[in-house]
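The block underneath contains the structure these notes are about, expressed in structure tokens.
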Amino acid sequence: MDSVRQEISQRYNFDLPTMDVYRTEDTAIMGMGLPPEKLLRECCYIFQQATAKRMKYELKNSSFLFQYGPSIGTTEFRKSLASFLADGYRSEVNMSDLVQTSGATNGLHLILSTLVDLAGVIFVDEYTYMIALETIAQFNTMKIVPVPLDEDGPNIATLQALIDQHRFEPTKGKLFWGVYYTMPTFHNPTGIVFSEAKCQQLIKLARATDILIACDDVYNLLHYADPDAPPPKRLFARDIADLGRVEGWRGNVISNGSFSKILSPGIRLGWMECPPRCVEAFRNSGVLMSGGAANNYTGGVVATLIQMGLARRQLDHYRTNYAARLDAMAETLQAHLPAGCSFRKPNGGYFVWIRFPSHIDCAEFNRYCLEKYRVSAIPGVRFSFAKEARHFLRLTFAFHEPDYLRRSVRTLCEAAREYLEIAASTV
């Protein structure tokens with residue numbers, strides 16, 4: 001096939017006619033996991049302040065910010081980040097465990113390319129983040145294996161059996177033969193939080209079989225149930241607690257985080273919280289050594305932002321607004337979702353996962369909604385490697401304001417009631 005040059009004019013990632021969430025007067029698109037324009041505007045002001053202060057500092061200190069950075073990030077950035085995360089998690093974060101990335105997708109790519117055998121096995125939840133599936137699939141020598149997901153985490157017995165079935169010795173130079181990619185806290189798309197029991201079982205299983213658990217921890221700090229309470233304890237904290245205490249401990253969990261949802265996706269900055277053996281593998285990574293840290297400049301500006309208290313202010317700004325938006329969506333669903341459909345209100349994150357009767361194809365229903373009612377979400381099949389979850393629908397509450405959500409979600413519920421009646425009449 002001949003190569004043809006193509007230019008698609010876009011202002012942001014989903015700037016396409018059928019997906020433009022900014023055009024709220026045309027269609028209520030409630031599927032995209034983006035922070036809203038009104039809340040992002042504050043970033044213009046806080047980054048202006050932090051950048052101005054940082055440039056004055058750089059002029060007096062050899063302008064190191066514009067130099068190649070250390071492979072895992074500067075000491076200053078990792079120290080500032082550790083302080084910020086410890087404050088948010090309400091638990092210890094050690095700067096020596098942190099590796100700077102350009103976001104969680106970059107972190108996942110680094111994990112797969114640096115730590116995992118090229119013939120490795122990637123275990124994923126039966127419903128999971130759809131673009132992560134696309135990222136993993138690009139490593140086409142690796143095998144993707146879905147794992148059933150219960151209401152409190154993966155089915156451990158099935159995961160154990162699958163690990164036993166696929167296990168092998170990794171190639172020399174690679175730390176792991178397999179990875180379990182998951183989101184234990186405010187899971188995308190389901191919104192669940194893994195139970196204490198499931199977390200303990202996962203750590204025990206990972207240590208016994210020496211697989212890596214790669215946690216996509218991008219929503220942990222977006223918790224709404226009780227603003228004064230800490231967020232759910234991350235899986236990495238449970239594993240790292242045994243460093244120096246348990247004989248033979250090696251570390252089998254990475255917390256892969258990002259500023260995309262808690263500050264700005266456009267700055268392309270994130271981190272991985274890793275056990276020592278993984279930190280050293282990343283420190284010696286040719287990609288990171290040659291690149292000189294991922295996004296060194298932005299890391300310096302964000303370090304200043306943290307030191308000025310502006311990153312925490314923006315996080316609180318998001319949490320307050322998202323809590324109100326979640327309440328608006330959940331209250332409307334509770335009042336108007338038709339019989340036979342159900343949902344569980346999450347305590348954090350971005351998403352609400354709706355279950356329809358098992359005979360309903362939500363991809364068809366979504367097309368019906370878009371064509372007749374000008375509202376849309378994302379059908380569950382997009383989140384399934386096996387192309388299942390056809391009777392599920394994911395809604396996003398973060399982007400739109402509460403009143404807009406009330407109107408749009410009520411319209412979606414009316415469309416659902418009508419569609420179920422049509423489906424019942426054709427049986």
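All residue names refer to the structure tokens as shown: chains lettered A, B, ... in order, residues numbered from 1 in each chain, ligands numbered from 1 in order.
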Neighbour list for Asp217 in chain A as a VMD selection string, cut-off 10 Å, only C-alpha atoms, skip fewer than 6 positions in-chain: chain A and resid 104 182 to 187 234 to 236 254 to 258 272 to 273
Those residues you just picked out, can you put them in a file as a tab-separated table (two decimals), in the first residue's frame with C-alpha atoms?
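Now in part_6.tsv:
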chain	number	residue	atom	x	y	z
A	104	ALA	CA	1.55	7.19	33.20
A	182	THR	CA	-4.36	-2.96	37.03
A	183	MET	CA	-5.89	0.01	38.88
A	184	PRO	CA	-6.54	-0.95	42.52
A	185	THR	CA	-7.86	2.50	43.47
A	186	PHE	CA	-10.85	4.06	41.65
A	187	HIS	CA	-10.50	1.58	38.83
A	234	ARG	CA	-1.97	2.12	47.58
A	235	LEU	CA	-0.74	-1.38	46.85
A	236	PHE	CA	2.88	-0.19	46.59
A	254	ILE	CA	5.15	-0.29	41.00
A	255	SER	CA	2.84	2.68	41.54
A	256	ASN	CA	2.63	4.46	38.19
A	257	GLY	CA	1.37	8.01	38.75
A	258	SER	CA	0.75	11.16	36.75
A	272	MET	CA	6.84	5.76	39.17
A	273	GLU	CA	7.21	4.66	42.78
Do you have, as CSV, the list of residues of range 103-151 of chain A lying at most 7 Å from range 368-383 of chain A, each with its nearest atom pair and that distance in Å to one decimal, counting only C-alpha atoms and ordered by chain then number?
residue,atom,partner,partner_atom,distance
A:Tyr127,CA,A:Phe383,CA,5.1
A:Thr128,CA,A:Phe383,CA,5.1
A:Tyr129,CA,A:Phe383,CA,5.9
A:Met130,CA,A:Phe383,CA,4.8
Store the residues of this selection in a file with all heavy atoms, as a short mmCIF file (atom, residue, chain, number, x, y, z; two decimals), in the first residue's frame.
data_model
loop_
_atom_site.label_atom_id
_atom_site.label_comp_id
_atom_site.auth_asym_id
_atom_site.auth_seq_id
_atom_site.Cartn_x
_atom_site.Cartn_y
_atom_site.Cartn_z
N TYR A 127 -12.16 -5.89 32.41
CA TYR A 127 -12.51 -4.53 32.01
C TYR A 127 -11.36 -3.64 32.46
O TYR A 127 -11.02 -3.62 33.65
CB TYR A 127 -13.79 -4.04 32.68
CG TYR A 127 -14.90 -5.05 32.82
CD1 TYR A 127 -15.52 -5.25 34.05
CD2 TYR A 127 -15.32 -5.81 31.73
CE1 TYR A 127 -16.54 -6.18 34.20
CE2 TYR A 127 -16.34 -6.75 31.88
CZ TYR A 127 -16.94 -6.93 33.11
OH TYR A 127 -17.94 -7.85 33.25
N THR A 128 -10.77 -2.89 31.53
CA THR A 128 -9.61 -2.08 31.90
C THR A 128 -9.51 -0.87 30.99
O THR A 128 -10.28 -0.72 30.03
CB THR A 128 -8.33 -2.93 31.86
OG1 THR A 128 -7.26 -2.22 32.49
CG2 THR A 128 -7.92 -3.28 30.43
N TYR A 129 -8.56 0.00 31.29
CA TYR A 129 -8.34 1.23 30.52
C TYR A 129 -8.01 0.89 29.07
O TYR A 129 -7.04 0.22 28.79
CB TYR A 129 -7.22 2.03 31.17
CG TYR A 129 -6.77 3.26 30.44
CD1 TYR A 129 -7.68 4.14 29.86
CD2 TYR A 129 -5.42 3.58 30.35
CE1 TYR A 129 -7.27 5.28 29.20
CE2 TYR A 129 -4.98 4.73 29.72
CZ TYR A 129 -5.91 5.57 29.13
OH TYR A 129 -5.49 6.70 28.48
N MET A 130 -8.84 1.39 28.14
CA MET A 130 -8.75 0.91 26.76
C MET A 130 -7.46 1.32 26.06
O MET A 130 -6.91 0.56 25.26
CB MET A 130 -9.98 1.37 25.96
CG MET A 130 -10.10 2.84 25.70
SD MET A 130 -10.70 3.79 27.13
CE MET A 130 -11.32 5.27 26.31
#
Could you build a table of the residues in range 205-246 of chain A lying no more than 8 Å from range 157-176 of chain A, giving for each the nearest pair of atoms and their separation in Å rounded to one decimal place, using only C-alpha atoms, ordered by chain and ascending residue number, as JSON lines?
{"residue": "A:Leu205", "atom": "CA", "partner": "A:Gln160", "partner_atom": "CA", "distance": 7.3}
{"residue": "A:Thr209", "atom": "CA", "partner": "A:Ile163", "partner_atom": "CA", "distance": 7.8}
{"residue": "A:Asp210", "atom": "CA", "partner": "A:Phe176", "partner_atom": "CA", "distance": 6.9}
{"residue": "A:Ile211", "atom": "CA", "partner": "A:Phe176", "partner_atom": "CA", "distance": 5.9}
{"residue": "A:Leu212", "atom": "CA", "partner": "A:Phe176", "partner_atom": "CA", "distance": 6.5}
Could you make a table, as CSV, of the residues of range 307-388 of chain A that have an atom within 12 Å of an atom of range 399-417 of chain A, each with its nearest atom pair and distance in Å to one decimal, counting only C-alpha atoms, in chain and number order?
residue,atom,partner,partner_atom,distance
A:Tyr318,CA,A:Phe399,CA,10.6
A:Asn321,CA,A:Glu401,CA,8.4
A:Tyr322,CA,A:Phe399,CA,8.6
A:Ala323,CA,A:Pro402,CA,9.8
A:Ala324,CA,A:Pro402,CA,6.7
A:Arg325,CA,A:Pro402,CA,4.9
A:Leu326,CA,A:Pro402,CA,8.1
A:Asp327,CA,A:Pro402,CA,8.1
A:Ala328,CA,A:Pro402,CA,5.4
A:Met329,CA,A:Leu405,CA,6.0
A:Ala330,CA,A:Arg406,CA,9.1
A:Glu331,CA,A:Arg406,CA,8.3
A:Thr332,CA,A:Arg406,CA,5.9
A:Leu333,CA,A:Val409,CA,6.9
A:Gln334,CA,A:Cys413,CA,10.0
A:Ala335,CA,A:Arg410,CA,8.7
A:His336,CA,A:Cys413,CA,5.9
A:Leu337,CA,A:Cys413,CA,5.1
A:Pro338,CA,A:Arg417,CA,5.5
A:Ala339,CA,A:Arg417,CA,8.2
A:Gly340,CA,A:Arg417,CA,9.7
A:Cys341,CA,A:Ala416,CA,8.9
A:Ser342,CA,A:Cys413,CA,11.4
A:Tyr350,CA,A:Phe399,CA,8.9
A:Phe351,CA,A:Phe399,CA,10.6
A:Val352,CA,A:Val409,CA,11.5
A:Ile354,CA,A:Cys413,CA,11.0
A:Arg355,CA,A:Ala416,CA,11.5
A:Phe356,CA,A:Ala416,CA,9.0
A:Pro357,CA,A:Ala416,CA,10.9
A:Ile360,CA,A:Ala416,CA,10.2
A:Asp361,CA,A:Ala416,CA,11.6
A:Cys362,CA,A:Ala416,CA,9.8
A:Glu364,CA,A:Ala416,CA,11.4
A:Phe365,CA,A:Ala416,CA,7.7
A:Asn366,CA,A:Leu412,CA,9.3
A:Arg367,CA,A:Ala415,CA,11.0
A:Tyr368,CA,A:Ala415,CA,8.1
A:Cys369,CA,A:Ala415,CA,6.2
A:Leu370,CA,A:Leu412,CA,9.6
A:Glu371,CA,A:Ala415,CA,10.8
A:Lys372,CA,A:Ala415,CA,8.4
A:Tyr373,CA,A:Ala415,CA,7.2
A:Arg374,CA,A:Thr411,CA,9.1
A:Val375,CA,A:Leu412,CA,6.5
A:Ser376,CA,A:Leu412,CA,7.8
A:Ala377,CA,A:Leu412,CA,9.1
Would you save the residues of that selection, restricted to C-alpha atoms, as an mmCIF file, in the first residue's frame?
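File result_15.cif, as written:
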data_model
loop_
_atom_site.group_PDB
_atom_site.id
_atom_site.type_symbol
_atom_site.label_atom_id
_atom_site.label_comp_id
_atom_site.auth_asym_id
_atom_site.auth_seq_id
_atom_site.Cartn_x
_atom_site.Cartn_y
_atom_site.Cartn_z
ATOM 1 C CA TYR A 318 -10.283 19.727 41.251
ATOM 2 C CA ASN A 321 -15.502 20.587 41.817
ATOM 3 C CA TYR A 322 -15.399 16.910 40.895
ATOM 4 C CA ALA A 323 -17.183 15.923 44.102
ATOM 5 C CA ALA A 324 -20.090 18.217 43.170
ATOM 6 C CA ARG A 325 -20.162 16.844 39.618
ATOM 7 C CA LEU A 326 -20.173 13.254 40.826
ATOM 8 C CA ASP A 327 -23.066 14.026 43.167
ATOM 9 C CA ALA A 328 -25.030 15.605 40.308
ATOM 10 C CA MET A 329 -24.528 12.582 38.054
ATOM 11 C CA ALA A 330 -25.200 9.991 40.769
ATOM 12 C CA GLU A 331 -28.348 11.723 42.041
ATOM 13 C CA THR A 332 -29.742 11.954 38.514
ATOM 14 C CA LEU A 333 -28.992 8.308 37.774
ATOM 15 C CA GLN A 334 -30.530 7.257 41.073
ATOM 16 C CA ALA A 335 -33.714 9.144 40.264
ATOM 17 C CA HIS A 336 -34.107 8.344 36.566
ATOM 18 C CA LEU A 337 -32.165 5.228 35.529
ATOM 19 C CA PRO A 338 -34.765 2.685 34.376
ATOM 20 C CA ALA A 339 -35.442 -0.618 36.106
ATOM 21 C CA GLY A 340 -33.045 -3.336 35.046
ATOM 22 C CA CYS A 341 -30.093 -0.927 34.968
ATOM 23 C CA SER A 342 -27.776 -0.337 37.912
ATOM 24 C CA TYR A 350 -13.576 10.182 37.036
ATOM 25 C CA PHE A 351 -16.080 7.517 36.027
ATOM 26 C CA VAL A 352 -19.430 5.835 36.646
ATOM 27 C CA ILE A 354 -23.536 1.416 34.391
ATOM 28 C CA ARG A 355 -24.797 -2.141 33.998
ATOM 29 C CA PHE A 356 -27.668 -2.728 31.552
ATOM 30 C CA PRO A 357 -29.666 -5.960 31.173
ATOM 31 C CA ILE A 360 -28.601 -5.066 25.645
ATOM 32 C CA ASP A 361 -25.715 -4.131 23.352
ATOM 33 C CA CYS A 362 -24.545 -0.751 24.665
ATOM 34 C CA GLU A 364 -25.956 -0.084 19.637
ATOM 35 C CA PHE A 365 -27.638 1.839 22.448
ATOM 36 C CA ASN A 366 -24.928 4.506 22.334
ATOM 37 C CA ARG A 367 -25.464 4.961 18.597
ATOM 38 C CA TYR A 368 -29.197 5.301 19.263
ATOM 39 C CA CYS A 369 -28.550 7.964 21.916
ATOM 40 C CA LEU A 370 -26.218 9.924 19.684
ATOM 41 C CA GLU A 371 -28.501 9.898 16.678
ATOM 42 C CA LYS A 372 -31.801 10.599 18.418
ATOM 43 C CA TYR A 373 -30.894 12.463 21.607
ATOM 44 C CA ARG A 374 -27.414 13.914 20.908
ATOM 45 C CA VAL A 375 -25.917 12.378 24.051
ATOM 46 C CA SER A 376 -23.191 9.747 24.188
ATOM 47 C CA ALA A 377 -20.888 7.787 26.476
#
Helix (DSSP H, G or I) per DSSP on the backbone: members of range 213-394 of chain A, as a PyMOL selection string: chain A and resi 235-240+276-283+286-291+296-307+310-336+362-373+380-383
Residues of range 279-299 of chain A at most 7 Å from range 70-92 of chain A: nearest atom pair and distance in Å, only C-alpha atoms, as a tab-separated table:
residue	atom	partner	partner_atom	distance
A:Phe282	CA	A:Ile72	CA	6.9
A:Arg283	CA	A:Ser71	CA	5.6
A:Leu288	CA	A:Ser71	CA	4.8
A:Met289	CA	A:Ser71	CA	4.8
A:Gly292	CA	A:Ser71	CA	5.1
A:Ala293	CA	A:Ser71	CA	4.3
A:Asn296	CA	A:Gly73	CA	6.9
A:Gly299	CA	A:Phe77	CA	6.1
Atoms to include: N, CA, C and O atoms. Write the selected residues as an mmCIF file, in the first residue's frame.
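Once everything was written out, this is part-v3.cif:
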data_model
loop_
_atom_site.group_PDB
_atom_site.id
_atom_site.type_symbol
_atom_site.label_atom_id
_atom_site.label_comp_id
_atom_site.auth_asym_id
_atom_site.auth_seq_id
_atom_site.Cartn_x
_atom_site.Cartn_y
_atom_site.Cartn_z
ATOM 1 N N PHE A 282 15.864 1.333 35.918
ATOM 2 C CA PHE A 282 15.510 2.568 35.217
ATOM 3 C C PHE A 282 16.675 3.560 35.217
ATOM 4 O O PHE A 282 16.896 4.270 34.234
ATOM 5 N N ARG A 283 17.423 3.615 36.316
ATOM 6 C CA ARG A 283 18.568 4.526 36.378
ATOM 7 C C ARG A 283 19.581 4.203 35.267
ATOM 8 O O ARG A 283 20.224 5.099 34.722
ATOM 9 N N LEU A 288 16.437 6.457 29.188
ATOM 10 C CA LEU A 288 16.423 7.558 30.146
ATOM 11 C C LEU A 288 17.786 8.231 30.266
ATOM 12 O O LEU A 288 17.875 9.457 30.431
ATOM 13 N N MET A 289 18.880 7.457 30.175
ATOM 14 C CA MET A 289 20.204 8.051 30.260
ATOM 15 C C MET A 289 20.476 8.967 29.066
ATOM 16 O O MET A 289 20.994 10.074 29.213
ATOM 17 N N GLY A 292 18.143 12.032 29.243
ATOM 18 C CA GLY A 292 18.434 12.965 30.329
ATOM 19 C C GLY A 292 17.217 13.302 31.156
ATOM 20 O O GLY A 292 16.863 14.466 31.309
ATOM 21 N N ALA A 293 16.538 12.313 31.689
ATOM 22 C CA ALA A 293 15.299 12.445 32.465
ATOM 23 C C ALA A 293 14.134 12.758 31.534
ATOM 24 O O ALA A 293 14.307 13.359 30.474
ATOM 25 N N ASN A 296 12.682 17.156 31.869
ATOM 26 C CA ASN A 296 13.444 17.779 32.949
ATOM 27 C C ASN A 296 12.983 19.208 33.231
ATOM 28 O O ASN A 296 12.848 19.625 34.389
ATOM 29 N N GLY A 299 9.676 19.291 35.035
ATOM 30 C CA GLY A 299 9.895 18.800 36.393
ATOM 31 C C GLY A 299 10.392 19.894 37.315
ATOM 32 O O GLY A 299 9.972 19.989 38.476
#
Expected answer as an MDAnalysis selection string: strand (DSSP E) residues in range 251-387 of chain A: chainID A and resid 253:258 270:273 342:343 351:355 375:376 378:379
I need the chosen residues saved as an mmCIF file, in the first residue's frame, with C-alpha atoms.
data_model
loop_
_atom_site.group_PDB
_atom_site.id
_atom_site.type_symbol
_atom_site.label_atom_id
_atom_site.label_comp_id
_atom_site.auth_asym_id
_atom_site.auth_seq_id
_atom_site.Cartn_x
_atom_site.Cartn_y
_atom_site.Cartn_z
ATOM 1 C CA VAL A 253 4.748 -3.551 42.911
ATOM 2 C CA ILE A 254 5.155 -0.286 40.996
ATOM 3 C CA SER A 255 2.840 2.676 41.543
ATOM 4 C CA ASN A 256 2.626 4.459 38.185
ATOM 5 C CA GLY A 257 1.373 8.011 38.753
ATOM 6 C CA SER A 258 0.746 11.158 36.748
ATOM 7 C CA GLY A 270 4.511 11.778 35.997
ATOM 8 C CA TRP A 271 6.399 9.385 38.234
ATOM 9 C CA MET A 272 6.839 5.763 39.166
ATOM 10 C CA GLU A 273 7.206 4.659 42.776
ATOM 11 C CA SER A 342 -27.776 -0.337 37.912
ATOM 12 C CA PHE A 343 -24.648 1.512 39.002
ATOM 13 C CA PHE A 351 -16.080 7.517 36.027
ATOM 14 C CA VAL A 352 -19.430 5.835 36.646
ATOM 15 C CA TRP A 353 -19.929 2.298 35.284
ATOM 16 C CA ILE A 354 -23.536 1.416 34.391
ATOM 17 C CA ARG A 355 -24.797 -2.141 33.998
ATOM 18 C CA VAL A 375 -25.917 12.378 24.051
ATOM 19 C CA SER A 376 -23.191 9.747 24.188
ATOM 20 C CA ILE A 378 -18.441 4.917 25.863
ATOM 21 C CA PRO A 379 -19.768 1.357 25.506
#
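Taking CA of Lys198 in chain A as the reference point, CA of Ala241 in chain A is found at 17.0 Å.
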Interatomic distance, CA of Asp239 in chain A to CA of Phe139 in chain A (Å, one decimal): 27.3 Å
Within 8 Å of Leu65 in chain A using only C-alpha atoms, minus same-chain residues under 6 positions, as a ChimeraX atom specification: /A:58,296-297,300
Just all heavy atoms for this one: save the residues we selected as a PDB file, in the first residue's frame.
ATOM      1  N   GLU A  58      17.103  30.078  38.147  1.00  0.00           N
ATOM      2  CA  GLU A  58      18.011  29.458  37.179  1.00  0.00           C
ATOM      3  C   GLU A  58      19.099  30.429  36.731  1.00  0.00           C
ATOM      4  O   GLU A  58      20.250  30.033  36.509  1.00  0.00           O
ATOM      5  CB  GLU A  58      17.223  28.938  35.966  1.00  0.00           C
ATOM      6  CG  GLU A  58      16.310  27.767  36.271  1.00  0.00           C
ATOM      7  CD  GLU A  58      17.048  26.545  36.797  1.00  0.00           C
ATOM      8  OE1 GLU A  58      18.188  26.288  36.354  1.00  0.00           O
ATOM      9  OE2 GLU A  58      16.493  25.853  37.672  1.00  0.00           O
ATOM     10  N   ASN A 296      12.682  17.156  31.869  1.00  0.00           N
ATOM     11  CA  ASN A 296      13.444  17.779  32.949  1.00  0.00           C
ATOM     12  C   ASN A 296      12.983  19.208  33.231  1.00  0.00           C
ATOM     13  O   ASN A 296      12.848  19.625  34.389  1.00  0.00           O
ATOM     14  CB  ASN A 296      14.932  17.772  32.595  1.00  0.00           C
ATOM     15  CG  ASN A 296      15.810  18.184  33.757  1.00  0.00           C
ATOM     16  OD1 ASN A 296      15.745  17.578  34.827  1.00  0.00           O
ATOM     17  ND2 ASN A 296      16.627  19.196  33.563  1.00  0.00           N
ATOM     18  N   TYR A 297      12.738  19.982  32.170  1.00  0.00           N
ATOM     19  CA  TYR A 297      12.326  21.383  32.344  1.00  0.00           C
ATOM     20  C   TYR A 297      11.029  21.473  33.147  1.00  0.00           C
ATOM     21  O   TYR A 297      10.941  22.198  34.145  1.00  0.00           O
ATOM     22  CB  TYR A 297      12.149  22.059  30.984  1.00  0.00           C
ATOM     23  CG  TYR A 297      11.498  23.418  31.085  1.00  0.00           C
ATOM     24  CD1 TYR A 297      12.250  24.553  31.388  1.00  0.00           C
ATOM     25  CD2 TYR A 297      10.126  23.578  30.900  1.00  0.00           C
ATOM     26  CE1 TYR A 297      11.652  25.807  31.500  1.00  0.00           C
ATOM     27  CE2 TYR A 297       9.525  24.804  31.015  1.00  0.00           C
ATOM     28  CZ  TYR A 297      10.284  25.924  31.314  1.00  0.00           C
ATOM     29  OH  TYR A 297       9.681  27.147  31.437  1.00  0.00           O
ATOM     30  N   GLY A 300      11.296  20.745  36.829  1.00  0.00           N
ATOM     31  CA  GLY A 300      11.798  21.848  37.642  1.00  0.00           C
ATOM     32  C   GLY A 300      10.731  22.872  37.962  1.00  0.00           C
ATOM     33  O   GLY A 300      10.635  23.359  39.098  1.00  0.00           O
TER      34      GLY A 300
END
Gap from CA of Tyr180 in chain A to CA of Glu196 in chain A - Å, one decimal: 17.7 Å
Top pick for closest residue to Glu151 in chain A, considering A:Val193, A:Ile8, A:Ala52, A:Ala294 and counting only C-alpha atoms: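 Using only C-alpha atoms, Glu151 in chain A sits closest to A:Val193.
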